[in-house]
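Okay, protein-v3.pdb now, which holds PDB, C-alpha atoms, pLDDT in the B column:
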```
ATOM      1  CA  MET A 266      17.405 105.918 -41.867  1.00 60.00           C
ATOM      2  CA  GLY A 267      14.088 106.575 -43.634  1.00 80.00           C
ATOM      3  CA  LEU A 268      14.939 107.175 -47.270  1.00 84.00           C
ATOM      4  CA  LYS A 269      12.834 108.624 -50.040  1.00 88.00           C
ATOM      5  CA  VAL A 270      13.272 106.335 -53.068  1.00 88.00           C
ATOM      6  CA  GLU A 271      13.849 108.053 -56.409  1.00 88.00           C
ATOM      7  CA  LYS A 272      15.657 107.031 -59.580  1.00 89.00           C
ATOM      8  CA  PHE A 273      17.523 109.617 -61.597  1.00 89.00           C
ATOM      9  CA  ASP A 274      18.540 109.299 -65.227  1.00 91.00           C
ATOM     10  CA  LEU A 275      20.982 112.186 -65.590  1.00 92.00           C
ATOM     11  CA  LYS A 276      22.447 112.932 -69.017  1.00 94.00           C
ATOM     12  CA  LYS A 277      24.496 115.988 -69.953  1.00 94.00           C
ATOM     13  CA  VAL A 278      23.873 117.569 -66.541  1.00 94.00           C
ATOM     14  CA  ASP A 279      26.335 119.545 -64.419  1.00 95.00           C
ATOM     15  CA  ILE A 280      25.904 118.521 -60.770  1.00 93.00           C
ATOM     16  CA  SER A 281      29.262 119.998 -59.682  1.00 93.00           C
ATOM     17  CA  GLU A 282      29.569 120.868 -55.987  1.00 92.00           C
ATOM     18  CA  SER A 283      26.440 118.838 -55.131  1.00 92.00           C
ATOM     19  CA  LYS A 284      26.391 117.152 -51.712  1.00 93.00           C
ATOM     20  CA  TRP A 285      25.125 113.662 -50.971  1.00 91.00           C
ATOM     21  CA  GLN A 286      24.627 112.724 -47.330  1.00 92.00           C
ATOM     22  CA  GLU A 287      23.093 109.500 -46.019  1.00 91.00           C
ATOM     23  CA  VAL A 288      22.332 108.359 -49.575  1.00 91.00           C
ATOM     24  CA  ASN A 289      21.933 104.778 -50.798  1.00 92.00           C
ATOM     25  CA  ALA A 290      23.526 104.745 -54.243  1.00 91.00           C
ATOM     26  CA  THR A 291      23.943 100.967 -54.707  1.00 91.00           C
ATOM     27  CA  GLY A 292      24.263  99.752 -58.289  1.00 91.00           C
ATOM     28  CA  LEU A 293      24.945 103.103 -59.960  1.00 92.00           C
ATOM     29  CA  ASP A 294      26.012 103.017 -63.606  1.00 92.00           C
ATOM     30  CA  ILE A 295      28.376 105.949 -64.137  1.00 92.00           C
ATOM     31  CA  ASP A 296      29.843 106.407 -67.636  1.00 93.00           C
ATOM     32  CA  ASN A 297      31.891 109.254 -69.118  1.00 94.00           C
ATOM     33  CA  VAL A 298      31.633 111.379 -65.952  1.00 93.00           C
ATOM     34  CA  CYS A 299      34.182 113.802 -64.482  1.00 93.00           C
ATOM     35  CA  LEU A 300      34.590 113.258 -60.732  1.00 92.00           C
ATOM     36  CA  ALA A 301      37.825 115.304 -60.446  1.00 92.00           C
ATOM     37  CA  LYS A 302      38.389 116.890 -57.024  1.00 92.00           C
ATOM     38  CA  THR A 303      35.493 114.875 -55.560  1.00 92.00           C
ATOM     39  CA  LYS A 304      35.810 114.022 -51.847  1.00 92.00           C
ATOM     40  CA  ILE A 305      34.427 110.669 -50.734  1.00 92.00           C
ATOM     41  CA  ASN A 306      34.295 109.944 -46.991  1.00 92.00           C
ATOM     42  CA  ASN A 307      32.882 107.014 -45.029  1.00 93.00           C
ATOM     43  CA  VAL A 308      31.577 105.229 -48.124  1.00 92.00           C
ATOM     44  CA  ASN A 309      31.065 101.520 -48.817  1.00 93.00           C
ATOM     45  CA  MET A 310      32.640 100.899 -52.228  1.00 92.00           C
ATOM     46  CA  SER A 311      32.930  97.103 -51.912  1.00 92.00           C
ATOM     47  CA  LYS A 312      32.670  95.126 -55.151  1.00 92.00           C
ATOM     48  CA  MET A 313      32.910  98.367 -57.130  1.00 92.00           C
ATOM     49  CA  VAL A 314      34.302  98.021 -60.666  1.00 92.00           C
ATOM     50  CA  LEU A 315      36.439 100.864 -62.035  1.00 92.00           C
ATOM     51  CA  ASN A 316      37.435 100.711 -65.725  1.00 92.00           C
ATOM     52  CA  ASP A 317      39.333 103.181 -67.894  1.00 93.00           C
ATOM     53  CA  ILE A 318      39.796 105.745 -65.132  1.00 93.00           C
ATOM     54  CA  ASN A 319      42.274 108.526 -64.428  1.00 92.00           C
ATOM     55  CA  MET A 320      43.148 108.443 -60.723  1.00 91.00           C
ATOM     56  CA  ALA A 321      46.354 110.494 -60.990  1.00 90.00           C
ATOM     57  CA  GLU A 322      47.260 112.131 -57.664  1.00 90.00           C
ATOM     58  CA  THR A 323      44.361 110.406 -55.879  1.00 91.00           C
ATOM     59  CA  LYS A 324      44.872 109.939 -52.130  1.00 91.00           C
ATOM     60  CA  ILE A 325      43.397 106.890 -50.403  1.00 91.00           C
ATOM     61  CA  SER A 326      43.651 106.610 -46.613  1.00 92.00           C
ATOM     62  CA  ASN A 327      42.077 104.466 -43.893  1.00 92.00           C
ATOM     63  CA  ALA A 328      40.889 102.084 -46.595  1.00 91.00           C
ATOM     64  CA  ASN A 329      40.163  98.364 -46.666  1.00 91.00           C
ATOM     65  CA  LEU A 330      41.632  97.290 -50.007  1.00 89.00           C
ATOM     66  CA  SER A 331      41.794  93.556 -49.278  1.00 89.00           C
ATOM     67  CA  GLY A 332      41.101  91.503 -52.370  1.00 89.00           C
ATOM     68  CA  VAL A 333      41.551  94.511 -54.687  1.00 90.00           C
ATOM     69  CA  GLY A 334      42.773  93.703 -58.196  1.00 89.00           C
ATOM     70  CA  ILE A 335      44.698  96.259 -60.239  1.00 89.00           C
ATOM     71  CA  GLN A 336      45.465  95.372 -63.850  1.00 89.00           C
ATOM     72  CA  HIS A 337      47.060  97.331 -66.706  1.00 87.00           C
ATOM     73  CA  ALA A 338      47.750 100.319 -64.449  1.00 87.00           C
ATOM     74  CA  ASN A 339      50.370 103.047 -64.513  1.00 85.00           C
ATOM     75  CA  PHE A 340      51.448 103.040 -60.858  1.00 86.00           C
ATOM     76  CA  SER A 341      54.549 105.208 -61.467  1.00 86.00           C
ATOM     77  CA  HIS A 342      55.681 107.356 -58.557  1.00 87.00           C
ATOM     78  CA  ALA A 343      53.010 105.853 -56.280  1.00 88.00           C
ATOM     79  CA  VAL A 344      53.733 105.982 -52.550  1.00 88.00           C
ATOM     80  CA  ILE A 345      52.377 103.133 -50.459  1.00 88.00           C
ATOM     81  CA  ASP A 346      52.818 103.905 -46.772  1.00 89.00           C
ATOM     82  CA  HIS A 347      51.898 101.888 -43.668  1.00 89.00           C
ATOM     83  CA  VAL A 348      50.008  99.075 -45.388  1.00 87.00           C
ATOM     84  CA  HIS A 349      49.481  95.395 -44.677  1.00 86.00           C
ATOM     85  CA  LEU A 350      50.714  93.394 -47.681  1.00 83.00           C
ATOM     86  CA  PHE A 351      50.566  89.803 -46.422  1.00 81.00           C
ATOM     87  CA  GLY A 352      49.332  87.556 -49.212  1.00 82.00           C
ATOM     88  CA  THR A 353      49.778  90.363 -51.752  1.00 82.00           C
ATOM     89  CA  GLU A 354      51.116  89.318 -55.137  1.00 81.00           C
ATOM     90  CA  PHE A 355      52.712  91.442 -57.846  1.00 81.00           C
ATOM     91  CA  HIS A 356      52.712  89.895 -61.345  1.00 82.00           C
ATOM     92  CA  ASN A 357      54.241  91.135 -64.596  1.00 81.00           C
ATOM     93  CA  VAL A 358      55.517  94.433 -63.190  1.00 79.00           C
ATOM     94  CA  VAL A 359      57.385  96.154 -66.029  1.00 79.00           C
ATOM     95  CA  PHE A 360      59.076  99.373 -67.016  1.00 79.00           C
ATOM     96  CA  PRO A 361      57.399 101.439 -69.748  1.00 84.00           C
ATOM     97  CA  VAL A 362      58.074 100.412 -73.340  1.00 86.00           C
ATOM     98  CA  GLU A 363      58.368 102.589 -76.407  1.00 90.00           C
ATOM     99  CA  GLY A 364      54.933 103.975 -77.203  1.00 89.00           C
ATOM    100  CA  ASP A 365      53.879 104.265 -73.546  1.00 85.00           C
ATOM    101  CA  GLY A 366      53.232 107.859 -72.441  1.00 81.00           C
ATOM    102  CA  ASN A 367      55.828 107.690 -69.661  1.00 83.00           C
ATOM    103  CA  PHE A 368      58.557 105.936 -71.721  1.00 87.00           C
ATOM    104  CA  ASN A 369      62.059 107.395 -71.321  1.00 87.00           C
ATOM    105  CA  SER A 370      64.420 106.471 -74.172  1.00 90.00           C
ATOM    106  CA  GLU A 371      67.454 106.841 -71.843  1.00 89.00           C
ATOM    107  CA  GLY A 372      65.847 104.465 -69.345  1.00 81.00           C
ATOM    108  CA  GLN A 373      66.167 107.045 -66.586  1.00 83.00           C
ATOM    109  CA  TYR A 374      63.460 106.250 -64.051  1.00 83.00           C
ATOM    110  CA  LYS A 375      63.188 106.982 -60.358  1.00 82.00           C
ATOM    111  CA  PRO A 376      64.292 103.786 -58.572  1.00 81.00           C
ATOM    112  CA  ILE A 377      61.807 101.519 -56.843  1.00 82.00           C
ATOM    113  CA  SER A 378      62.528 101.549 -53.122  1.00 84.00           C
ATOM    114  CA  PHE A 379      61.438  99.718 -50.000  1.00 83.00           C
ATOM    115  CA  GLN A 380      62.104 101.680 -46.800  1.00 87.00           C
ATOM    116  CA  ASN A 381      61.604 100.419 -43.239  1.00 88.00           C
ATOM    117  CA  CYS A 382      59.775  97.327 -44.508  1.00 84.00           C
ATOM    118  CA  ASP A 383      59.501  93.879 -43.013  1.00 83.00           C
ATOM    119  CA  LEU A 384      60.372  91.638 -45.950  1.00 78.00           C
ATOM    120  CA  THR A 385      60.837  88.480 -43.876  1.00 75.00           C
ATOM    121  CA  LYS A 386      58.363  86.429 -45.892  1.00 75.00           C
ATOM    122  CA  ALA A 387      58.771  88.144 -49.274  1.00 76.00           C
ATOM    123  CA  GLN A 388      59.211  85.982 -52.361  1.00 74.00           C
ATOM    124  CA  LEU A 389      60.528  87.574 -55.551  1.00 74.00           C
ATOM    125  CA  THR A 390      60.461  85.427 -58.682  1.00 74.00           C
ATOM    126  CA  ASN A 391      61.397  86.348 -62.266  1.00 76.00           C
ATOM    127  CA  CYS A 392      61.716  90.061 -61.425  1.00 76.00           C
ATOM    128  CA  ASN A 393      63.829  92.840 -62.865  1.00 74.00           C
ATOM    129  CA  LEU A 394      65.152  94.479 -59.704  1.00 76.00           C
ATOM    130  CA  SER A 395      67.736  96.672 -61.412  1.00 77.00           C
ATOM    131  CA  ASN A 396      68.088 100.095 -59.775  1.00 79.00           C
ATOM    132  CA  MET A 397      65.937  99.019 -56.814  1.00 82.00           C
ATOM    133  CA  GLU A 398      66.862 100.089 -53.277  1.00 83.00           C
ATOM    134  CA  ILE A 399      66.115  98.257 -50.034  1.00 85.00           C
ATOM    135  CA  ILE A 400      66.804 100.643 -47.125  1.00 87.00           C
ATOM    136  CA  ASP A 401      66.638  99.829 -43.395  1.00 88.00           C
ATOM    137  CA  CYS A 402      64.500  96.732 -43.962  1.00 84.00           C
ATOM    138  CA  ASP A 403      64.385  93.426 -42.114  1.00 85.00           C
ATOM    139  CA  ILE A 404      65.295  90.979 -44.879  1.00 82.00           C
ATOM    140  CA  SER A 405      65.690  87.867 -42.721  1.00 84.00           C
ATOM    141  CA  GLY A 406      64.165  85.010 -44.677  1.00 83.00           C
ATOM    142  CA  LEU A 407      64.061  87.028 -47.937  1.00 82.00           C
ATOM    143  CA  LYS A 408      64.708  84.773 -50.907  1.00 82.00           C
ATOM    144  CA  ILE A 409      65.226  85.665 -54.536  1.00 79.00           C
ATOM    145  CA  ASN A 410      64.905  82.684 -56.890  1.00 78.00           C
ATOM    146  CA  GLY A 411      65.143  80.402 -53.864  1.00 82.00           C
ATOM    147  CA  ILE A 412      68.427  81.905 -52.648  1.00 85.00           C
ATOM    148  CA  LEU A 413      68.440  83.307 -49.130  1.00 87.00           C
ATOM    149  CA  ILE A 414      69.767  86.880 -49.339  1.00 85.00           C
ATOM    150  CA  GLU A 415      71.289  86.629 -45.856  1.00 85.00           C
ATOM    151  CA  ASP A 416      73.465  83.762 -47.123  1.00 88.00           C
ATOM    152  CA  LEU A 417      74.620  85.809 -50.134  1.00 86.00           C
ATOM    153  CA  MET A 418      75.542  88.736 -47.896  1.00 84.00           C
ATOM    154  CA  ARG A 419      77.330  86.463 -45.413  1.00 85.00           C
ATOM    155  CA  ASP A 420      79.252  84.779 -48.269  1.00 83.00           C
ATOM    156  CA  LYS A 421      80.326  88.181 -49.626  1.00 80.00           C
ATOM    157  CA  GLU A 422      81.503  89.300 -46.157  1.00 83.00           C
ATOM    158  CA  ASN A 423      83.550  86.086 -45.732  1.00 86.00           C
ATOM    159  CA  LYS A 424      85.460  86.603 -49.009  1.00 79.00           C
TER
END
```

Taking this structure as input, can you express it in the form of C-alpha coordinates?
Amino acid sequence: MGLKVEKFDLKKVDISESKWQEVNATGLDIDNVCLAKTKINNVNMSKMVLNDINMAETKISNANLSGVGIQHANFSHAVIDHVHLFGTEFHNVVFPVEGDGNFNSEGQYKPISFQNCDLTKAQLTNCNLSNMEIIDCDISGLKINGILIEDLMRDKENK
(Lines of atoms letter the chains of each structure in order from A and count residues from 1; the text may use other names and numbers.)
(Lines give C-alpha, C1' and ligand atoms only; values in the text may rest on other atoms or scores of the structure.)
Protein backbone atom coordinates (compact mmCIF):
# COMPACT_ATOMS: atom_id res chain seq x y z
CA MET A 1 0.00 0.00 0.00
CA GLY A 2 1.74 3.19 -1.18
CA LEU A 3 0.70 5.90 1.24
CA LYS A 4 1.03 9.65 0.96
CA VAL A 5 2.40 10.88 4.30
CA GLU A 6 0.71 13.95 5.78
CA LYS A 7 0.23 15.20 9.33
CA PHE A 8 -2.96 16.99 10.27
CA ASP A 9 -3.43 19.25 13.27
CA LEU A 10 -7.22 19.60 13.37
CA LYS A 11 -8.78 21.93 15.93
CA LYS A 12 -12.42 22.98 16.06
CA VAL A 13 -13.15 21.24 12.75
CA ASP A 14 -16.25 19.25 11.81
CA ILE A 15 -15.18 16.16 9.85
CA SER A 16 -18.52 14.37 10.33
CA GLU A 17 -19.35 11.68 7.76
CA SER A 18 -15.73 11.61 6.51
CA LYS A 19 -14.43 8.24 5.27
CA TRP A 20 -10.99 6.80 5.95
CA GLN A 21 -9.94 3.78 3.91
CA GLU A 22 -6.51 2.13 3.94
CA VAL A 23 -5.18 4.80 6.30
CA ASN A 24 -2.28 4.47 8.74
CA ALA A 25 -3.35 6.44 11.80
CA THR A 26 -0.85 5.05 14.35
CA GLY A 27 -0.20 7.22 17.39
CA LEU A 28 -3.14 9.61 17.03
CA ASP A 29 -3.82 11.95 19.94
CA ILE A 30 -7.59 12.49 20.07
CA ASP A 31 -8.94 14.75 22.83
CA ASN A 32 -12.44 16.15 23.41
CA VAL A 33 -13.81 14.66 20.17
CA CYS A 34 -17.30 13.33 19.44
CA LEU A 35 -17.15 9.96 17.65
CA ALA A 36 -20.84 9.10 18.25
CA LYS A 37 -22.37 6.80 15.62
CA THR A 38 -18.91 6.15 14.12
CA LYS A 39 -18.47 2.73 12.47
CA ILE A 40 -15.05 1.11 12.77
CA ASN A 41 -14.40 -2.08 10.77
CA ASN A 42 -11.27 -4.18 10.31
CA VAL A 43 -9.10 -1.88 12.42
CA ASN A 44 -6.02 -2.63 14.53
CA MET A 45 -6.65 -0.92 17.88
CA SER A 46 -4.04 -2.87 19.88
CA LYS A 47 -2.43 -1.02 22.78
CA MET A 48 -5.00 1.77 22.41
CA VAL A 49 -5.71 3.77 25.58
CA LEU A 50 -9.26 5.03 26.15
CA ASN A 51 -9.84 7.41 29.08
CA ASP A 52 -12.96 9.26 30.20
CA ILE A 53 -15.15 7.94 27.39
CA ASN A 54 -18.87 7.39 26.90
CA MET A 55 -19.37 4.04 25.16
CA ALA A 56 -23.05 3.62 26.09
CA GLU A 57 -24.84 1.26 23.68
CA THR A 58 -21.60 0.48 21.83
CA LYS A 59 -21.57 -2.90 20.06
CA ILE A 60 -18.31 -4.83 19.77
CA SER A 61 -18.25 -8.05 17.72
CA ASN A 62 -15.58 -10.35 16.28
CA ALA A 63 -13.04 -8.66 18.53
CA ASN A 64 -9.81 -9.80 20.14
CA LEU A 65 -10.03 -8.29 23.63
CA SER A 66 -7.38 -10.48 25.27
CA GLY A 67 -5.42 -8.57 27.87
CA VAL A 68 -7.96 -5.72 27.95
CA GLY A 69 -8.21 -3.85 31.26
CA ILE A 70 -11.41 -2.08 32.27
CA GLN A 71 -11.30 0.05 35.41
CA HIS A 72 -13.85 2.37 37.05
CA ALA A 73 -16.50 1.51 34.46
CA ASN A 74 -20.28 1.48 34.56
CA PHE A 75 -20.98 -1.90 32.93
CA SER A 76 -24.67 -1.95 33.94
CA HIS A 77 -27.00 -3.88 31.65
CA ALA A 78 -24.07 -5.06 29.50
CA VAL A 79 -24.63 -8.27 27.55
CA ILE A 80 -21.60 -10.47 26.99
CA ASP A 81 -22.44 -13.25 24.56
CA HIS A 82 -20.30 -16.10 23.19
CA VAL A 83 -16.96 -15.04 24.66
CA HIS A 84 -13.89 -16.87 25.88
CA LEU A 85 -13.26 -15.90 29.52
CA PHE A 86 -10.50 -18.30 30.57
CA GLY A 87 -8.03 -16.47 32.78
CA THR A 88 -10.42 -13.52 33.11
CA GLU A 89 -10.58 -11.90 36.53
CA PHE A 90 -13.25 -9.63 37.99
CA HIS A 91 -12.13 -7.51 40.98
CA ASN A 92 -14.10 -5.15 43.21
CA VAL A 93 -17.38 -5.48 41.31
CA VAL A 94 -19.94 -3.40 43.23
CA PHE A 95 -23.46 -2.07 43.09
CA PRO A 96 -23.88 1.70 42.71
CA VAL A 97 -23.60 3.79 45.86
CA GLU A 98 -25.43 6.97 46.77
CA GLY A 99 -24.14 9.74 44.53
CA ASP A 100 -23.62 7.47 41.51
CA GLY A 101 -25.82 8.38 38.54
CA ASN A 102 -27.43 4.93 38.41
CA PHE A 103 -27.99 4.57 42.19
CA ASN A 104 -31.43 3.25 43.19
CA SER A 105 -32.36 4.03 46.81
CA GLU A 106 -34.66 0.95 46.93
CA GLY A 107 -31.80 -1.25 45.72
CA GLN A 108 -33.90 -2.51 42.83
CA TYR A 109 -31.47 -3.59 40.12
CA LYS A 110 -31.80 -6.06 37.30
CA PRO A 111 -30.17 -9.29 38.54
CA ILE A 112 -26.81 -10.45 37.24
CA SER A 113 -27.29 -13.69 35.35
CA PHE A 114 -25.18 -16.40 33.77
CA GLN A 115 -27.06 -18.42 31.13
CA ASN A 116 -25.76 -21.51 29.32
CA CYS A 117 -22.26 -20.94 30.69
CA ASP A 118 -19.51 -23.41 31.45
CA LEU A 119 -18.47 -22.43 34.97
CA THR A 120 -16.44 -25.57 35.64
CA LYS A 121 -13.27 -23.70 36.55
CA ALA A 122 -14.83 -20.52 37.96
CA GLN A 123 -13.56 -19.18 41.27
CA LEU A 124 -15.64 -16.62 43.15
CA THR A 125 -14.04 -15.01 46.20
CA ASN A 126 -15.38 -12.24 48.46
CA CYS A 127 -18.33 -11.52 46.14
CA ASN A 128 -21.81 -10.21 46.77
CA LEU A 129 -23.89 -12.63 44.70
CA SER A 130 -27.27 -11.58 46.08
CA ASN A 131 -30.02 -11.61 43.44
CA MET A 132 -27.75 -13.40 40.95
CA GLU A 133 -29.14 -16.16 38.73
CA ILE A 134 -27.26 -19.13 37.27
CA ILE A 135 -29.46 -20.75 34.60
CA ASP A 136 -28.72 -23.94 32.64
CA CYS A 137 -25.00 -23.79 33.40
CA ASP A 138 -22.47 -26.55 33.96
CA ILE A 139 -21.29 -25.80 37.50
CA SER A 140 -19.25 -28.97 38.06
CA GLY A 141 -16.12 -27.90 39.91
CA LEU A 142 -17.57 -24.46 40.79
CA LYS A 143 -16.36 -23.35 44.20
CA ILE A 144 -17.40 -20.37 46.26
CA ASN A 145 -15.00 -19.60 49.12
CA GLY A 146 -13.45 -23.03 48.61
CA ILE A 147 -16.77 -24.87 48.95
CA LEU A 148 -17.78 -27.07 46.04
CA ILE A 149 -21.32 -26.04 45.03
CA GLU A 150 -22.13 -29.58 43.89
CA ASP A 151 -21.49 -30.77 47.46
CA LEU A 152 -23.81 -28.09 48.89
CA MET A 153 -26.57 -29.07 46.48
CA ARG A 154 -26.08 -32.78 47.20
CA ASP A 155 -26.16 -32.11 50.97
CA LYS A 156 -29.40 -30.13 50.61
CA GLU A 157 -31.00 -32.94 48.55
CA ASN A 158 -30.00 -35.54 51.19
CA LYS A 159 -31.70 -33.63 54.04

Would you pick out the contacts of A:Asp346 at 12 Å or less, using only C-alpha atoms, so that residues sharing its chain but fewer than 6 positions from it are not included, and give the list as a tab-separated table (two decimals) with C-alpha atoms, in the coordinates of the input?
```
chain	number	residue	atom	x	y	z
A	324	LYS	CA	44.87	109.94	-52.13
A	325	ILE	CA	43.40	106.89	-50.40
A	326	SER	CA	43.65	106.61	-46.61
A	327	ASN	CA	42.08	104.47	-43.89
A	378	SER	CA	62.53	101.55	-53.12
A	379	PHE	CA	61.44	99.72	-50.00
A	380	GLN	CA	62.10	101.68	-46.80
A	381	ASN	CA	61.60	100.42	-43.24
A	382	CYS	CA	59.78	97.33	-44.51
```

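Proximity of A:Phe360, A:Asn367, A:Glu322, A:Glu282 to A:Leu394, computed with all atoms listed in the file, is greatest for A:Phe360.
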
Practice problem: Please identify all polymer residues lying at most 12 Å from the point (43.5, 106.7, -55.3) (file coordinates), using only C-alpha atoms, and present the result as a PyMOL selection string. | Solution: chain A and resi 301-305+315+318-328+330+335+338+340+343-345

Written file, previous selection with C-alpha atoms, as a CSV table (one decimal), in the frame of the given file:
```
chain,number,residue,atom,x,y,z
A,301,ALA,CA,37.8,115.3,-60.4
A,302,LYS,CA,38.4,116.9,-57.0
A,303,THR,CA,35.5,114.9,-55.6
A,304,LYS,CA,35.8,114.0,-51.8
A,305,ILE,CA,34.4,110.7,-50.7
A,315,LEU,CA,36.4,100.9,-62.0
A,318,ILE,CA,39.8,105.7,-65.1
A,319,ASN,CA,42.3,108.5,-64.4
A,320,MET,CA,43.1,108.4,-60.7
A,321,ALA,CA,46.4,110.5,-61.0
A,322,GLU,CA,47.3,112.1,-57.7
A,323,THR,CA,44.4,110.4,-55.9
A,324,LYS,CA,44.9,109.9,-52.1
A,325,ILE,CA,43.4,106.9,-50.4
A,326,SER,CA,43.7,106.6,-46.6
A,327,ASN,CA,42.1,104.5,-43.9
A,328,ALA,CA,40.9,102.1,-46.6
A,330,LEU,CA,41.6,97.3,-50.0
A,335,ILE,CA,44.7,96.3,-60.2
A,338,ALA,CA,47.8,100.3,-64.4
A,340,PHE,CA,51.4,103.0,-60.9
A,343,ALA,CA,53.0,105.9,-56.3
A,344,VAL,CA,53.7,106.0,-52.6
A,345,ILE,CA,52.4,103.1,-50.5
```

Self-check item: Selected residue, from A:Asn410, A:Asn396, A:Gly267, A:His349, that lies nearest to A:Gly372 when counting all atoms listed in the file
Solution: A:Asn396

Quiz prompt | Contacts of A:Asp279 within 12 Å, only C-alpha atoms, excl. fewer than 2 positions in-chain, as number ranges by chain | solution = A: 275-277, 281-283, 298-300

Exercise. Quick one: apply the PyMOL selection byres ((chain A and resi 412-414) around 12) to the file and drop the selected residues here as number ranges by chain.
Key: A: 384-390, 399, 403-411, 415-421

Selection result for the PyMOL selection byres ((chain A and resi 354) around 10) on this file, as a tab-separated table (two decimals) with C-alpha atoms, in the frame of the given file:
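Result saved to result31.tsv:
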```
chain	number	residue	atom	x	y	z
A	334	GLY	CA	42.77	93.70	-58.20
A	350	LEU	CA	50.71	93.39	-47.68
A	351	PHE	CA	50.57	89.80	-46.42
A	352	GLY	CA	49.33	87.56	-49.21
A	353	THR	CA	49.78	90.36	-51.75
A	355	PHE	CA	52.71	91.44	-57.85
A	356	HIS	CA	52.71	89.90	-61.34
A	387	ALA	CA	58.77	88.14	-49.27
A	388	GLN	CA	59.21	85.98	-52.36
A	389	LEU	CA	60.53	87.57	-55.55
```

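From atom CA of A:Asn316 back to atom CA of A:Gly292, the distance works out to 15.2 Å.
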
Self-check item: Distance in Å - atom CA of A:Asn329 versus atom CA of A:Asp383
Solution: 20.2 Å

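Computed from the coordinates, the atom CA of A:Ala290 to atom CA of A:Val278 distance equals 17.8 Å.
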
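Shell of A:His342 at 10 Å, with all atoms listed in the file counted and residues fewer than 4 places along the chain excluded, is A:Glu322, A:Tyr374, A:Lys375, A:Pro376, A:Ile377.
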
Quiz item: Can you list, as number ranges by chain, every protein, DNA or RNA residue that comes within 12 Å of A:Asn289 when you count only C-alpha atoms, leaving out same-chain residues fewer than 4 positions away?
Solution: A: 266-272, 285, 293, 308-310

Generate the output file for the selected residues, C-alpha atoms, as an mmCIF file, in the coordinates of the input.
```
data_model
loop_
_atom_site.group_PDB
_atom_site.id
_atom_site.type_symbol
_atom_site.label_atom_id
_atom_site.label_comp_id
_atom_site.auth_asym_id
_atom_site.auth_seq_id
_atom_site.Cartn_x
_atom_site.Cartn_y
_atom_site.Cartn_z
ATOM 1 C CA MET A 266 17.405 105.918 -41.867
ATOM 2 C CA GLY A 267 14.088 106.575 -43.634
ATOM 3 C CA LEU A 268 14.939 107.175 -47.270
ATOM 4 C CA LYS A 269 12.834 108.624 -50.040
ATOM 5 C CA VAL A 270 13.272 106.335 -53.068
ATOM 6 C CA GLU A 271 13.849 108.053 -56.409
ATOM 7 C CA LYS A 272 15.657 107.031 -59.580
ATOM 8 C CA TRP A 285 25.125 113.662 -50.971
ATOM 9 C CA LEU A 293 24.945 103.103 -59.960
ATOM 10 C CA VAL A 308 31.577 105.229 -48.124
ATOM 11 C CA ASN A 309 31.065 101.520 -48.817
ATOM 12 C CA MET A 310 32.640 100.899 -52.228
#
```
